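Trainee: Sharing a structure, written as structure tokens. Questions coming.
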Amino acid sequence: MSSTPAIPGQLNASTRLCAVLGRPVRHSASPAMHNAALHSLGLNWRYVACEVNPERLREAIDGARHLGFIGLNLTVPHKQLAVSIVDELDVSAQEWGAVNTVVFGFYNADGLWTPVGQGDPGAAPVLARGYNTDADAIIRALNEDLGIEPRSSRVLLLGAGGAGRAAALRLAAENVSVLYLVNRTQARAEELAREIEERYPAVEVHVGYPPGDVEFVLNATSLGLHEGDASPLDFDRFALGQTDGVYDMIYRPSATPLLEAARAAGCRAANGLGMLLYQGAAALELWTGQPAPVEIMRSALHREIYGGQW
């Protein structure tokens, strides 16, 4: 959907907005990635970050809809909460049980779903449709960043919130052999384990730390995001010598204490930048209907996180 061009870096009355909502959100590198992509695509859109309390998420999504936003990304702690807030759920959000991307759209005269970034709704009601682009992104990032194919692997997953739940279900769909779930609230991990047992009976799932080795550890908690955070991994119950690889979904700081400990132990280790890239590229394609400029987005992320040193 075209609009009046803006001078690069300048806004005008036709500028459209996208945003990431979270709490905290000031660490987000999504604006750098998406604004580079939007400029490359020649769209007079801008992407911003907004801190939103969970109890105000419904109001924030509704407000963005009425303000004419193109779409939203959702990060901690909103991904599961949004499942019951959006008007519709794409099959991806239904499958993986969390929403990280919202597309505002409408049904045209032929009854076809049309994102507002690709058409004018006119008098048609604008709806919020929830998608999950995280789940596929984590599989791609594990493969590209750590050389890991999850199939038949033994996996220790830390966290059973929105990101953890999507990762657990996606790993189960990839036919990992054994999945160990560790979460601060054990009841949530137990609930997720029961769902996996029902949906993926071939996958062996346990709540708690493994008694032996695993192929990789995946951190889907927010622990490590802030200086002074406790480790998401209890080193007294699981030694890093028991795994070959560690993937931390956190990307800022680029080297969390967990990743530093993993590298010191000789593990392959990677942060969540690859996951951020691929979930963001998929979201952008949903909003625009155009192929995402992935390499431009990747370069923008590396400049933002590493200052160009990569």
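Naming works like this for the structure tokens: A, B, ... for the chains as they're shown, residue 1 at the start of each chain, ligands 1 onward in shown order.
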Quick one: pick out all helix (DSSP H, G or I) residues within segment 90-289 of chain A from a backbone DSSP run and write them as a PyMOL selection string.
Mentor: chain A and resi 91-96+116-118+134-146+162-173+186-199+240-242+257-264+273-288
Trainee: Residues near segment 216-223 of chain A, anyone? I mean within 7 Å using only C-alpha atoms, not counting same-chain ones fewer than 3 positions away, as a ChimeraX atom specification.
Mentor: /A:155-159,163-164,229-232,243-250
Trainee: Only C-alpha atoms, please: the residues just picked out, written as a PDB file, in the first residue's frame.
Mentor:
ATOM      1  CA  VAL A 155      16.821 -31.105  24.861  1.00  0.00           C
ATOM      2  CA  LEU A 156      16.745 -29.119  28.104  1.00  0.00           C
ATOM      3  CA  LEU A 157      14.340 -26.180  27.736  1.00  0.00           C
ATOM      4  CA  LEU A 158      14.369 -23.419  30.342  1.00  0.00           C
ATOM      5  CA  GLY A 159      11.087 -21.507  30.532  1.00  0.00           C
ATOM      6  CA  ALA A 163       8.340 -18.051  24.014  1.00  0.00           C
ATOM      7  CA  GLY A 164       9.093 -21.271  25.887  1.00  0.00           C
ATOM      8  CA  ASP A 229      19.839 -11.545  37.119  1.00  0.00           C
ATOM      9  CA  ALA A 230      20.087 -15.032  38.529  1.00  0.00           C
ATOM     10  CA  SER A 231      21.138 -17.732  36.078  1.00  0.00           C
ATOM     11  CA  PRO A 232      18.255 -19.474  34.313  1.00  0.00           C
ATOM     12  CA  THR A 243      25.675 -30.567  26.703  1.00  0.00           C
ATOM     13  CA  ASP A 244      27.207 -29.715  23.332  1.00  0.00           C
ATOM     14  CA  GLY A 245      25.351 -26.465  22.699  1.00  0.00           C
ATOM     15  CA  VAL A 246      23.541 -23.600  24.410  1.00  0.00           C
ATOM     16  CA  TYR A 247      21.106 -21.235  22.715  1.00  0.00           C
ATOM     17  CA  ASP A 248      19.918 -18.176  24.638  1.00  0.00           C
ATOM     18  CA  MET A 249      16.928 -16.338  23.160  1.00  0.00           C
ATOM     19  CA  ILE A 250      18.220 -13.128  24.780  1.00  0.00           C
TER      20      ILE A 250
END
Trainee: Which neighbours of Asp145 of chain A fall inside 8 Å, counting only C-alpha atoms, when residues of the same chain fewer than 3 positions from it are skipped, and could you give them as a ChimeraX atom specification?
Mentor: /A:141-142,270,274
Trainee: Considering only C-alpha atoms, return as a PyMOL selection string whatever protein or nucleic-acid residues lie within 8 Å of Cys50 of chain A, sequence-local ones (same chain, fewer than 2 positions apart) excluded.
Mentor: chain A and resi 19-22+25+48+52
Trainee: Any chance you could list, as a list in words, the residues in segment 203-232 of chain A that come up strand (DSSP E) when DSSP is run on the backbone?
Mentor: Glu204, Val205, His206, Val207, Val214, Glu215, Phe216, Val217, Leu218 and Asn219 of chain A
Trainee: Save the residues we just selected, C-alpha atoms, as a CSV table (one decimal), in the first residue's frame?
Mentor:
chain,number,residue,atom,x,y,z
A,204,GLU,CA,9.3,-38.3,25.8
A,205,VAL,CA,8.8,-35.3,28.1
A,206,HIS,CA,9.8,-34.7,31.7
A,207,VAL,CA,9.5,-31.9,34.1
A,214,VAL,CA,21.6,-33.6,26.3
A,215,GLU,CA,22.4,-32.3,22.8
A,216,PHE,CA,21.5,-28.7,23.6
A,217,VAL,CA,20.1,-26.3,26.2
A,218,LEU,CA,17.6,-23.6,25.1
A,219,ASN,CA,16.9,-20.6,27.4
